[in-house]
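Data file: final.txt. Format and content: compact mmCIF, C-alpha atoms.
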```
# COMPACT_ATOMS: atom_id res chain seq x y z
CA MET A 1 0.00 0.00 0.00
CA THR A 2 1.30 3.47 -0.82
CA SER A 3 1.29 6.28 1.70
CA ALA A 4 -1.21 8.17 -0.45
CA TYR A 5 -3.96 6.07 0.98
CA ALA A 6 -2.45 4.05 3.80
CA SER A 7 -2.66 7.31 5.79
CA ASP A 8 -1.73 10.92 5.38
CA PRO A 9 2.07 11.23 5.77
CA ALA A 10 1.73 13.84 8.53
CA ARG A 11 -0.44 11.57 10.69
CA SER A 12 0.47 8.25 12.26
CA VAL A 13 -2.92 7.34 13.76
CA ASN A 14 -5.30 5.21 11.72
CA ALA A 15 -8.25 7.49 10.96
CA VAL A 16 -10.69 4.59 10.67
CA ILE A 17 -9.91 3.53 14.24
CA VAL A 18 -10.21 7.11 15.48
CA TRP A 19 -13.66 7.48 13.95
CA ASP A 20 -14.79 4.06 15.07
CA GLN A 21 -14.06 5.24 18.62
CA ASN A 22 -15.90 8.49 17.91
CA ALA A 23 -18.83 6.50 16.55
CA GLN A 24 -18.88 4.40 19.71
CA THR A 25 -19.03 7.58 21.78
CA ALA A 26 -22.05 8.83 19.84
CA ILE A 27 -23.83 5.48 19.49
CA TRP A 28 -23.30 4.12 22.97
CA ASP A 29 -21.85 6.64 25.41
CA TYR A 30 -24.42 9.30 24.51
CA ALA A 31 -27.30 7.62 22.67
CA GLN A 32 -27.18 4.37 24.69
CA GLN A 33 -28.40 2.36 21.69
CA GLN A 34 -28.87 -1.33 22.39
CA PRO A 35 -26.88 -3.87 20.31
CA GLN A 36 -29.61 -4.60 17.78
CA VAL A 37 -29.95 -0.85 17.15
CA GLN A 38 -26.21 -0.13 17.33
CA ALA A 39 -25.66 -2.57 14.47
CA ARG A 40 -27.41 -0.34 11.94
CA SER A 41 -25.57 2.78 13.11
CA PHE A 42 -22.09 1.23 12.95
CA ALA A 43 -22.88 -0.30 9.55
CA MET A 44 -23.89 3.08 8.15
CA VAL A 45 -20.73 4.75 9.45
CA HIS A 46 -18.35 2.10 8.18
CA GLY A 47 -20.08 1.56 4.86
CA ALA A 48 -19.58 5.25 4.08
CA VAL A 49 -16.02 5.28 5.42
CA TYR A 50 -15.10 2.19 3.38
CA ASP A 51 -16.40 3.69 0.14
CA ALA A 52 -14.41 6.89 0.77
CA VAL A 53 -11.13 5.15 1.57
CA ASN A 54 -11.55 2.60 -1.21
CA ALA A 55 -12.17 5.36 -3.77
CA ILE A 56 -9.03 7.27 -2.82
CA ALA A 57 -7.03 4.04 -2.85
CA GLY A 58 -7.91 3.59 -6.51
CA LYS A 59 -10.85 1.23 -5.92
CA PRO A 60 -8.84 -1.94 -5.24
CA TYR A 61 -12.05 -3.52 -3.88
CA GLN A 62 -15.65 -3.51 -4.97
CA PRO A 63 -17.33 -0.31 -3.77
CA TYR A 64 -20.31 -0.79 -1.49
CA LEU A 65 -22.62 2.05 -2.60
CA SER A 66 -20.50 4.69 -4.33
CA ALA A 67 -17.11 5.30 -5.90
CA PRO A 68 -16.40 9.04 -6.24
CA ALA A 69 -13.89 10.07 -8.88
CA THR A 70 -10.44 10.50 -7.33
CA ASN A 71 -6.80 10.86 -8.37
CA GLY A 72 -5.25 9.29 -5.26
CA ARG A 73 -3.92 12.58 -3.89
CA GLU A 74 -6.92 13.30 -1.68
CA SER A 75 -6.50 13.29 2.08
CA THR A 76 -7.80 9.95 3.29
CA ASP A 77 -7.99 11.26 6.85
CA ALA A 78 -10.23 14.14 5.77
CA ALA A 79 -12.42 11.73 3.82
CA VAL A 80 -12.77 9.33 6.74
CA GLY A 81 -13.56 12.05 9.25
CA THR A 82 -16.07 13.74 6.97
CA ALA A 83 -17.85 10.54 5.99
CA ALA A 84 -18.20 9.38 9.60
CA PHE A 85 -19.15 12.83 10.92
CA LYS A 86 -21.88 13.35 8.33
CA VAL A 87 -23.43 9.93 8.96
CA LEU A 88 -23.30 10.37 12.74
CA SER A 89 -24.84 13.83 12.42
CA SER A 90 -27.72 12.41 10.43
CA LEU A 91 -28.25 9.67 13.01
CA PHE A 92 -27.96 11.87 16.10
CA PRO A 93 -29.11 15.43 15.39
CA ASP A 94 -29.37 16.05 19.13
CA GLN A 95 -25.59 15.56 19.35
CA GLN A 96 -24.88 17.99 16.52
CA ALA A 97 -23.01 20.62 18.55
CA ARG A 98 -20.76 18.03 20.20
CA LEU A 99 -20.12 16.18 16.94
CA GLN A 100 -19.35 19.43 15.10
CA GLN A 101 -16.76 20.40 17.70
CA GLN A 102 -15.22 16.94 17.57
CA TYR A 103 -15.04 17.10 13.77
CA ASP A 104 -13.62 20.64 13.74
CA ASP A 105 -10.90 19.68 16.22
CA TYR A 106 -10.03 16.61 14.16
CA MET A 107 -9.94 18.47 10.84
CA ALA A 108 -7.75 21.19 12.35
CA GLY A 109 -5.00 18.61 12.56
CA ILE A 110 -5.00 18.06 8.80
CA PRO A 111 -2.92 20.57 6.79
CA ALA A 112 -4.98 22.96 4.70
CA GLY A 113 -4.80 22.58 0.95
CA GLN A 114 -6.22 20.81 -2.06
CA ALA A 115 -5.70 17.33 -0.61
CA LYS A 116 -7.79 18.18 2.43
CA ALA A 117 -10.48 19.86 0.36
CA ARG A 118 -10.70 16.97 -2.10
CA GLY A 119 -10.75 14.40 0.70
CA THR A 120 -13.55 16.30 2.39
CA ALA A 121 -15.51 16.23 -0.86
CA VAL A 122 -15.08 12.46 -1.15
CA GLY A 123 -16.34 11.96 2.41
CA ASN A 124 -19.31 14.21 1.68
CA GLN A 125 -20.22 12.12 -1.36
CA THR A 126 -20.00 8.70 0.27
CA SER A 127 -21.88 9.78 3.39
CA ALA A 128 -24.62 11.32 1.26
CA ALA A 129 -24.96 8.05 -0.66
CA MET A 130 -25.28 6.10 2.59
CA ILE A 131 -27.78 8.48 4.19
CA SER A 132 -29.89 8.38 1.03
CA ALA A 133 -29.76 4.59 0.81
CA ARG A 134 -31.03 4.20 4.37
CA GLN A 135 -33.98 6.56 4.09
CA ASN A 136 -37.23 4.75 4.91
CA ASP A 137 -35.38 1.50 5.61
CA GLY A 138 -37.78 0.49 8.40
CA ALA A 139 -35.65 1.69 11.29
CA PHE A 140 -37.52 2.72 14.44
CA GLY A 141 -40.84 1.46 13.12
CA GLU A 142 -43.12 -0.87 15.04
CA GLU A 143 -41.54 -1.46 18.45
CA ALA A 144 -43.85 -4.06 20.00
CA TRP A 145 -43.88 -7.79 19.39
CA PRO A 146 -47.24 -9.63 19.45
CA VAL A 147 -47.89 -10.93 22.95
CA GLY A 148 -48.89 -14.58 23.17
CA THR A 149 -51.02 -16.40 25.72
CA GLN A 150 -50.58 -20.04 24.71
CA PRO A 151 -47.83 -22.48 25.77
CA GLY A 152 -44.64 -21.79 23.83
CA GLN A 153 -45.67 -18.26 22.83
CA TRP A 154 -43.55 -15.29 23.81
CA ARG A 155 -44.71 -12.73 26.28
CA PRO A 156 -42.84 -9.95 28.18
CA THR A 157 -40.58 -11.22 30.94
CA PRO A 158 -39.80 -10.11 34.50
CA PRO A 159 -38.45 -7.97 36.00
CA THR A 160 -38.81 -5.34 33.24
CA ASN A 161 -41.77 -6.82 31.32
CA ALA A 162 -40.51 -4.79 28.36
CA ASN A 163 -41.41 -5.25 24.70
CA ALA A 164 -39.16 -3.53 22.15
CA THR A 165 -37.36 -3.39 18.78
CA ALA A 166 -39.62 -5.64 16.71
CA TRP A 167 -38.74 -3.41 13.73
CA VAL A 168 -35.22 -4.84 13.58
CA GLY A 169 -36.60 -8.00 11.96
CA ARG A 170 -38.10 -5.97 9.14
CA LEU A 171 -35.15 -3.66 8.52
CA LYS A 172 -33.99 -3.29 4.92
CA PRO A 173 -30.78 -5.34 4.74
CA PHE A 174 -27.41 -3.88 3.82
CA LEU A 175 -26.04 -6.90 1.95
CA ILE A 176 -28.32 -9.92 1.83
CA PRO A 177 -31.31 -9.98 -0.56
CA SER A 178 -33.85 -10.68 2.19
CA VAL A 179 -33.86 -10.85 5.97
CA SER A 180 -35.97 -14.01 5.76
CA MET A 181 -33.69 -15.92 3.39
CA PHE A 182 -32.19 -18.10 6.14
CA ARG A 183 -35.46 -19.30 7.63
CA SER A 184 -34.98 -22.33 9.89
CA SER A 185 -37.32 -25.19 10.71
CA GLY A 186 -38.10 -23.52 14.02
CA PRO A 187 -37.68 -24.38 17.71
CA PRO A 188 -38.28 -27.94 18.94
CA ALA A 189 -41.82 -29.05 19.72
CA LEU A 190 -42.80 -28.49 23.35
CA THR A 191 -43.52 -32.18 23.86
CA SER A 192 -40.22 -33.40 22.37
CA ALA A 193 -37.19 -34.85 24.14
CA HIS A 194 -35.12 -32.16 22.40
CA TYR A 195 -37.14 -29.42 24.07
CA ALA A 196 -36.86 -31.13 27.46
CA ARG A 197 -33.06 -31.28 27.14
CA ASP A 198 -32.87 -27.57 26.30
CA PHE A 199 -35.27 -26.74 29.11
CA ASN A 200 -33.52 -28.72 31.83
CA GLU A 201 -30.07 -27.50 30.83
CA VAL A 202 -30.91 -23.80 31.08
CA LYS A 203 -33.06 -24.36 34.16
CA THR A 204 -30.11 -25.88 36.00
CA ILE A 205 -27.14 -23.83 34.89
CA GLY A 206 -28.82 -20.55 33.97
CA ALA A 207 -30.65 -19.92 37.24
CA VAL A 208 -29.70 -16.84 39.22
CA ASN A 209 -28.96 -19.15 42.17
CA SER A 210 -27.45 -22.02 40.15
CA THR A 211 -25.18 -24.34 42.13
CA THR A 212 -23.66 -25.90 39.01
CA ARG A 213 -22.49 -22.77 37.19
CA THR A 214 -18.82 -21.99 37.85
CA LEU A 215 -17.39 -18.56 38.58
CA ASP A 216 -15.78 -18.46 35.13
CA GLN A 217 -19.09 -19.33 33.49
CA THR A 218 -20.83 -16.60 35.47
CA GLN A 219 -18.19 -14.08 34.43
CA ALA A 220 -18.46 -15.20 30.81
CA ALA A 221 -22.24 -14.81 30.84
CA ILE A 222 -21.93 -11.27 32.19
CA TRP A 223 -19.03 -10.39 29.85
CA TRP A 224 -21.00 -11.37 26.75
CA HIS A 225 -24.12 -9.58 28.04
CA ASP A 226 -22.34 -6.25 28.54
CA ARG A 227 -24.11 -3.71 26.29
CA HIS A 228 -20.71 -2.04 25.87
CA LEU A 229 -19.72 -4.74 23.43
CA GLY A 230 -16.29 -6.35 23.56
CA GLU A 231 -16.47 -6.74 19.77
CA TRP A 232 -15.76 -3.03 19.35
CA GLU A 233 -12.43 -3.26 21.14
CA ILE A 234 -11.59 -6.55 19.42
CA LYS A 235 -11.87 -4.99 15.94
CA ARG A 236 -9.65 -2.07 16.86
CA GLN A 237 -7.17 -4.31 18.64
CA LEU A 238 -6.85 -6.57 15.61
CA ALA A 239 -6.37 -3.61 13.27
CA VAL A 240 -3.48 -2.36 15.42
CA ASN A 241 -1.89 -5.71 16.27
CA GLN A 242 -2.09 -6.97 12.70
CA ARG A 243 -0.68 -3.65 11.44
CA LEU A 244 -3.48 -2.97 8.99
CA SER A 245 -3.28 0.02 6.67
CA THR A 246 -6.15 2.49 6.55
CA VAL A 247 -7.70 0.86 3.49
CA GLN A 248 -7.39 -2.59 5.03
CA THR A 249 -8.96 -1.37 8.25
CA ALA A 250 -11.82 0.29 6.39
CA ARG A 251 -12.53 -2.90 4.46
CA MET A 252 -12.36 -5.08 7.56
CA PHE A 253 -14.62 -2.83 9.63
CA ALA A 254 -17.18 -2.55 6.84
CA MET A 255 -17.15 -6.29 6.21
CA VAL A 256 -17.69 -7.01 9.90
CA ASP A 257 -20.22 -4.28 10.71
CA LEU A 258 -22.46 -4.70 7.68
CA SER A 259 -22.50 -8.48 8.14
CA GLU A 260 -23.35 -8.03 11.82
CA ALA A 261 -26.23 -5.71 10.98
CA ASP A 262 -27.78 -8.09 8.46
CA ALA A 263 -27.30 -11.13 10.69
CA THR A 264 -29.04 -9.30 13.52
CA SER A 265 -31.99 -8.40 11.29
CA ALA A 266 -32.19 -11.96 9.94
CA CYS A 267 -32.30 -13.36 13.48
CA TYR A 268 -34.92 -10.84 14.55
CA ASN A 269 -36.97 -11.83 11.53
CA GLU A 270 -36.67 -15.39 12.76
CA LYS A 271 -37.83 -14.29 16.21
CA GLY A 272 -40.91 -12.79 14.62
CA ALA A 273 -41.60 -15.93 12.59
CA TRP A 274 -41.61 -18.24 15.62
CA MET A 275 -42.38 -15.98 18.62
CA PHE A 276 -40.98 -18.57 21.03
CA TRP A 277 -41.07 -18.01 24.77
CA ARG A 278 -37.98 -17.25 26.84
CA PRO A 279 -36.59 -19.69 29.40
CA VAL A 280 -37.97 -17.71 32.36
CA THR A 281 -41.50 -18.01 30.96
CA ALA A 282 -41.04 -21.63 29.91
CA ILE A 283 -39.77 -22.68 33.34
CA GLN A 284 -42.32 -20.77 35.37
CA LEU A 285 -45.17 -22.13 33.21
CA ALA A 286 -43.82 -25.60 32.51
CA ASP A 287 -46.98 -27.21 33.88
CA THR A 288 -48.73 -26.00 30.70
CA ASP A 289 -46.28 -27.34 28.08
CA GLY A 290 -47.55 -30.95 27.95
CA ASN A 291 -44.06 -32.39 28.39
CA PRO A 292 -43.69 -34.97 31.20
CA ASP A 293 -39.94 -34.31 31.42
CA THR A 294 -40.24 -30.64 32.39
CA VAL A 295 -41.17 -29.42 35.85
CA ALA A 296 -42.45 -25.94 36.60
CA ASP A 297 -40.75 -23.59 39.05
CA PRO A 298 -42.91 -20.47 39.46
CA THR A 299 -40.10 -18.61 41.25
CA TRP A 300 -37.27 -19.40 38.81
CA MET A 301 -35.26 -16.43 37.53
CA PRO A 302 -32.20 -16.26 35.26
CA LEU A 303 -28.76 -14.88 36.10
CA LEU A 304 -29.17 -12.09 33.54
CA VAL A 305 -32.07 -9.77 32.82
CA THR A 306 -33.93 -11.23 29.85
CA PRO A 307 -33.97 -8.93 26.80
CA PRO A 308 -37.39 -7.67 25.60
CA HIS A 309 -37.89 -9.98 22.60
CA PRO A 310 -38.40 -13.70 21.83
CA ASP A 311 -35.93 -16.51 22.43
CA TYR A 312 -35.56 -18.09 19.02
CA THR A 313 -33.10 -17.25 17.54
CA SER A 314 -30.40 -15.65 19.67
CA GLY A 315 -29.48 -12.23 18.35
CA HIS A 316 -26.12 -12.24 20.09
CA THR A 317 -24.98 -15.54 18.63
CA CYS A 318 -26.12 -14.33 15.20
CA PHE A 319 -24.15 -11.11 15.64
CA THR A 320 -21.01 -12.75 17.02
CA ALA A 321 -20.95 -15.59 14.49
CA ALA A 322 -21.25 -13.02 11.70
CA SER A 323 -18.47 -10.82 13.07
CA MET A 324 -16.05 -13.60 13.93
CA SER A 325 -16.52 -15.43 10.63
CA ALA A 326 -16.02 -12.13 8.78
CA LEU A 327 -12.75 -11.64 10.67
CA ALA A 328 -11.64 -15.18 9.86
CA PHE A 329 -12.39 -14.58 6.18
CA PHE A 330 -10.62 -11.23 6.17
CA PHE A 331 -7.44 -12.54 7.76
CA GLY A 332 -7.57 -15.88 5.96
CA ARG A 333 -7.05 -17.79 9.20
CA ASN A 334 -8.87 -18.73 12.38
CA ASP A 335 -6.03 -18.91 14.91
CA ILE A 336 -5.47 -15.26 15.88
CA SER A 337 -5.50 -14.31 19.56
CA PHE A 338 -7.50 -11.37 20.90
CA GLY A 339 -9.39 -10.22 23.97
CA ALA A 340 -11.33 -7.40 25.58
CA TYR A 341 -12.23 -6.04 29.00
CA SER A 342 -15.78 -5.68 30.34
CA SER A 343 -16.53 -3.32 33.18
CA ALA A 344 -19.79 -5.20 33.78
CA SER A 345 -17.97 -8.43 34.67
CA GLY A 346 -14.75 -6.75 35.79
CA THR A 347 -12.83 -9.25 33.69
CA THR A 348 -10.88 -9.56 30.46
CA ARG A 349 -11.70 -12.55 28.29
CA THR A 350 -9.19 -13.78 25.75
CA PHE A 351 -9.60 -16.11 22.81
CA ASN A 352 -7.15 -18.03 20.68
CA SER A 353 -9.41 -18.21 17.65
CA PHE A 354 -12.47 -16.66 16.07
CA SER A 355 -14.33 -19.96 16.26
CA GLY A 356 -13.51 -20.10 19.97
CA ALA A 357 -15.40 -16.86 20.55
CA ILE A 358 -18.43 -18.20 18.69
CA ALA A 359 -18.36 -21.39 20.75
CA GLU A 360 -18.23 -19.45 24.01
CA VAL A 361 -21.07 -17.05 23.25
CA ILE A 362 -23.31 -20.03 22.48
CA GLU A 363 -22.61 -21.37 25.97
CA ALA A 364 -22.67 -17.96 27.67
CA ARG A 365 -26.27 -17.22 26.73
CA ILE A 366 -27.31 -20.52 28.34
CA TRP A 367 -25.18 -19.83 31.42
CA GLY A 368 -26.95 -16.49 31.70
CA GLY A 369 -30.35 -18.20 31.64
CA ILE A 370 -31.75 -16.14 28.77
CA HIS A 371 -31.57 -18.52 25.78
CA THR A 372 -31.91 -22.20 25.05
CA ARG A 373 -29.09 -24.09 23.35
CA THR A 374 -31.12 -24.55 20.17
CA ALA A 375 -31.82 -20.82 19.91
CA ASP A 376 -28.09 -20.15 20.27
CA ILE A 377 -26.92 -22.76 17.79
CA GLU A 378 -29.47 -21.83 15.15
CA GLY A 379 -28.68 -18.15 15.64
CA ALA A 380 -24.99 -18.79 15.06
CA LYS A 381 -25.85 -20.65 11.86
CA ILE A 382 -27.68 -17.60 10.55
CA GLY A 383 -24.70 -15.40 11.40
CA LEU A 384 -22.35 -17.71 9.51
CA LYS A 385 -24.66 -17.86 6.50
CA THR A 386 -24.99 -14.09 6.44
CA THR A 387 -21.25 -13.55 6.34
CA ALA A 388 -20.78 -16.29 3.76
CA TYR A 389 -23.18 -14.45 1.48
CA ALA A 390 -21.65 -11.05 2.24
CA VAL A 391 -18.03 -11.93 1.53
CA THR A 392 -18.98 -13.73 -1.68
CA HIS A 393 -20.93 -10.81 -3.09
CA TYR A 394 -19.23 -7.72 -1.59
CA PHE A 395 -15.81 -6.25 -0.74
CA GLN A 396 -13.98 -8.46 -3.26
CA PRO A 397 -10.64 -7.44 -4.84
CA ARG A 398 -11.08 -5.88 -8.27
CA ARG A 399 -7.58 -6.67 -9.47
```
Rewrite the structure from the file as C-alpha cells, please.
Amino acid sequence: MTSAYASDPARSVNAVIVWDQNAQTAIWDYAQQQPQVQARSFAMVHGAVYDAVNAIAGKPYQPYLSAPATNGRESTDAAVGTAAFKVLSSLFPDQQARLQQQYDDYMAGIPAGQAKARGTAVGNQTSAAMISARQNDGAFGEEAWPVGTQPGQWRPTPPTNANATAWVGRLKPFLIPSVSMFRSSGPPALTSAHYARDFNEVKTIGAVNSTTRTLDQTQAAIWWHDRHLGEWEIKRQLAVNQRLSTVQTARMFAMVDLSEADATSACYNEKGAWMFWRPVTAIQLADTDGNPDTVADPTWMPLLVTPPHPDYTSGHTCFTAASMSALAFFFGRNDISFGAYSSASGTTRTFNSFSGAIAEVIEARIWGGIHTRTADIEGAKIGLKTTAYAVTHYFQPRR
C-alpha cells in the first residue's frame, strides 16, 4: 500500500480507528443504543467510510454504494472524518453541537490545501450516498412484538416486562437480498425430548442461584451480556496488532459491521416468525407445556435480565458468528489471539481463535439463563450464512 492512501504522511494514527471510537461515543456513550440498534448505526458509518477510503485508494475492492472520482492525492484522513461525521450527524441530530466540535478539532490537525479539500468532498459524497440509501429502511418502526397467551408463545418477561425493537426483523438489509432468506425449521416441539433437554439445561445452569455454574461461566455470561460490546475493542485491537493500513482497516470494519447488521436483522426476523417463549416463561409455566420431562418452578429467575424480545433465535450468537466469521475470512485464518475487557464483569476474556469466541457465546447465553441451546446454535448458523453471502458478493478485490 502506498502512503497516499495508507494514511496521510503527517499523521500516524489510523483514521478509521479514530472514527470508530468516535462512533462508539455517539452510538453508545451518549445515545445508549442497544446492540440490535447499534448494528445499523455502525454499519452506516463504516459503509460510508469504506467507500471513501476505497475510492481514494484507486478502488482496489468492490465499492459498497458509491465510488467518487479520485486521483489518489486526496486526504484519506479528511475523507474518513467527513464521511463518519456526516453519517453520525444524520443519526444523532441532538448531538450535533458536540459532533461538530469533535469534527472541527479533528480536521484542524490536517494541513490545509487541495488534498484536504478533495478528501472532504469524497467523504461528503460517500456519506450522502449512505444516508440516502437508508432513508425509509424500516428503522424505528413498530416497536412491539405480538404478545402470546398459549404455551410456547412469547410474552414480556420479568423484571422489566418490556417489549421492544420488533422493527429490527423488518429492517432493509445492507447486503443480503432478504432478511428471511435463512429461515430455519423452528424451535423444537414443546412435547419433544429435544425441548426437554434444552429446558432442563438452562433451568439448571442458567438460574440466578445455580449451584452448578462456575465462577468463570458466570463471568463469561456477564461479559457477553455487557451492552458495551467487547467486539468493538476486538476490531480495533486486531487492526493495530495486525498492522493494517487504513484501506485494510476500512474494508475489515465494513465487512464485519455490515454483516453483523444483516445477521441481527435476519435473526430478529426469525424471532418474529416463531415468537418462542424465553426460558424464564417456559420454566415458570412448565406445567402447561404438555411435556412430562419438564417441571415448573414459578419462582425461577435467570442470572441475567432477559432482553425484551423472543428466544428463538439468539441475536447475540447471530451477531457474534457473523463478526467472527467475517474476521476469519478477512485474515484468511482462524487462529489469531485477541481479547477485551468488560466493566460489567470486571474481567478480560481472551480467545485463541475466532471460532472459539463463537463457541463461548453459544454457551454464555445458556449460562446467563436467557436462551436455550437450540436458539443459540441456530442463531450462530444464521450469522455464519450471512457472512458467507456477504463476503462472496461484496468487498472483493477488483484486481
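The spacing separating CA of Lys203 (chain A) from CA of Thr288 (chain A) amounts to 16.1 Å.
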Closest atom pairs, residues of region 164-257 of chain A within 8 Å of region 45-66 of chain A, all atoms listed in the file, as JSON lines:
```
{"residue": "A:Thr246", "atom": "CA", "partner": "A:Val53", "partner_atom": "CA", "distance": 7.5}
{"residue": "A:Val247", "atom": "CA", "partner": "A:Val53", "partner_atom": "CA", "distance": 5.8}
{"residue": "A:Ala250", "atom": "CA", "partner": "A:Tyr50", "partner_atom": "CA", "distance": 4.8}
{"residue": "A:Arg251", "atom": "CA", "partner": "A:Tyr50", "partner_atom": "CA", "distance": 5.8}
{"residue": "A:Phe253", "atom": "CA", "partner": "A:His46", "partner_atom": "CA", "distance": 6.3}
{"residue": "A:Ala254", "atom": "CA", "partner": "A:His46", "partner_atom": "CA", "distance": 5.0}
{"residue": "A:Asp257", "atom": "CA", "partner": "A:His46", "partner_atom": "CA", "distance": 7.1}
```
*Would you kindly return, as a ChimeraX atom specification, each protein, DNA or RNA residue with an atom no farther than 7 Å from any atom of region 331-344 of chain A, considering only C-alpha atoms and excluding same-chain residues fewer than 4 positions away?*
/A:222-223,226,230,233-234,327,348-355
*Between CA of Glu142 (chain A) and CA of Trp167 (chain A), measure the distance and give it in Å to one decimal.*
5.2 Å
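Closest approach to Ala23 (chain A) among A:Thr218, A:Ser41, A:Thr249, A:Asn161: A:Ser41, based on all atoms listed in the file.
The spacing separating CA of Trp300 (chain A) from CA of Pro151 (chain A) amounts to 17.1 Å.
Distances to Gln24 (chain A) were evaluated for A:Met181, A:Ala221, A:Leu229, A:Ala108 using all atoms listed in the file, and the minimum falls at A:Leu229.
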_If we count only C-alpha atoms and set the cut-off at 9 Å, which residues sit around Ala121 (chain A), ignoring sequence neighbours fewer than 5 positions away in its own chain? Please answer as an MDAnalysis selection string._
chainID A and resid 78:79 82 116 126
*asked:* Report as a PyMOL selection string all protein, DNA and RNA residues lying within 9 Å of Ile17 (chain A), evaluated on only C-alpha atoms, omitting residues in the same chain fewer than 3 positions from it.
replied: chain A and resi 13-14+20-22+235-236+239-240+246+249-250
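The shortest atom-to-atom distance to Thr120 (chain A), with all atoms listed in the file taken into account, belongs to A:Ser75 out of A:Ala97, A:Ser75, A:Pro146, A:Ala31.
Distance annotation: of A:Gln38, A:Thr70, A:Thr299, A:Thr313, the residue with the minimal separation from Gln125 (chain A) is A:Thr70; atom set is all atoms listed in the file.
Each of A:His371, A:Arg40, A:Arg197, A:His309 was compared to Val256 (chain A) using only C-alpha atoms, and A:Arg40 turns out to be the nearest.
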Nearby residues (all atoms listed in the file) at most 9 Å from Thr264 (chain A), same-chain spacing under 2 positions excluded, as a PDB file with C-alpha atoms, in the frame of the given file:
```
ATOM      1  CA  PRO A  35     -26.880  -3.870  20.310  1.00  0.00           C
ATOM      2  CA  GLN A  36     -29.610  -4.600  17.780  1.00  0.00           C
ATOM      3  CA  ALA A  39     -25.660  -2.570  14.470  1.00  0.00           C
ATOM      4  CA  VAL A 168     -35.220  -4.840  13.580  1.00  0.00           C
ATOM      5  CA  GLY A 169     -36.600  -8.000  11.960  1.00  0.00           C
ATOM      6  CA  SER A 259     -22.500  -8.480   8.140  1.00  0.00           C
ATOM      7  CA  GLU A 260     -23.350  -8.030  11.820  1.00  0.00           C
ATOM      8  CA  ALA A 261     -26.230  -5.710  10.980  1.00  0.00           C
ATOM      9  CA  ASP A 262     -27.780  -8.090   8.460  1.00  0.00           C
ATOM     10  CA  ALA A 266     -32.190 -11.960   9.940  1.00  0.00           C
ATOM     11  CA  CYS A 267     -32.300 -13.360  13.480  1.00  0.00           C
ATOM     12  CA  TYR A 268     -34.920 -10.840  14.550  1.00  0.00           C
ATOM     13  CA  ASN A 269     -36.970 -11.830  11.530  1.00  0.00           C
ATOM     14  CA  SER A 314     -30.400 -15.650  19.670  1.00  0.00           C
ATOM     15  CA  GLY A 315     -29.480 -12.230  18.350  1.00  0.00           C
ATOM     16  CA  HIS A 316     -26.120 -12.240  20.090  1.00  0.00           C
ATOM     17  CA  CYS A 318     -26.120 -14.330  15.200  1.00  0.00           C
ATOM     18  CA  PHE A 319     -24.150 -11.110  15.640  1.00  0.00           C
ATOM     19  CA  ALA A 322     -21.250 -13.020  11.700  1.00  0.00           C
ATOM     20  CA  ILE A 382     -27.680 -17.600  10.550  1.00  0.00           C
ATOM     21  CA  GLY A 383     -24.700 -15.400  11.400  1.00  0.00           C
TER      22      GLY A 383
END
```
Please work out which residues fall within 7 Å of (-20.0, -14.8, 12.8), coordinates as given in the file, with all atoms listed in the file counting, and return them as an mmCIF file with C-alpha atoms, in the frame of the given file.
```cif
data_model
loop_
_atom_site.group_PDB
_atom_site.id
_atom_site.type_symbol
_atom_site.label_atom_id
_atom_site.label_comp_id
_atom_site.auth_asym_id
_atom_site.auth_seq_id
_atom_site.Cartn_x
_atom_site.Cartn_y
_atom_site.Cartn_z
ATOM 1 C CA CYS A 318 -26.120 -14.330 15.200
ATOM 2 C CA PHE A 319 -24.150 -11.110 15.640
ATOM 3 C CA THR A 320 -21.010 -12.750 17.020
ATOM 4 C CA ALA A 321 -20.950 -15.590 14.490
ATOM 5 C CA ALA A 322 -21.250 -13.020 11.700
ATOM 6 C CA SER A 323 -18.470 -10.820 13.070
ATOM 7 C CA MET A 324 -16.050 -13.600 13.930
ATOM 8 C CA SER A 325 -16.520 -15.430 10.630
ATOM 9 C CA ALA A 326 -16.020 -12.130 8.780
ATOM 10 C CA ILE A 358 -18.430 -18.200 18.690
ATOM 11 C CA ALA A 380 -24.990 -18.790 15.060
ATOM 12 C CA GLY A 383 -24.700 -15.400 11.400
ATOM 13 C CA LEU A 384 -22.350 -17.710 9.510
ATOM 14 C CA THR A 387 -21.250 -13.550 6.340
#
```
*Which is closer to Ala133 (chain A) than all the others in A:Val87, A:Met275, A:Ala296, A:Ala359, using only C-alpha atoms?*
A:Val87
*Neighbour list for Pro188 (chain A) as a ChimeraX atom specification, cut-off 12 Å, all atoms listed in the file, skip fewer than 2 positions in-chain*: /A:152,184-186,190-199,274,276-277,291,312-313,372-375,378
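With only the atoms specified (only C-alpha atoms) counting, those residues at most 12 Å away from (-33.8, -5.2, 29.2) are Gln33, Gln34, Pro35, Pro156, Thr157, Pro158, Pro159, Thr160, Asn161, Ala162, Asn163, Ala164, Thr165, His225, Asp226, Arg227, Leu304, Val305, Thr306, Pro307, Pro308, His309 and Ile370 of chain A.
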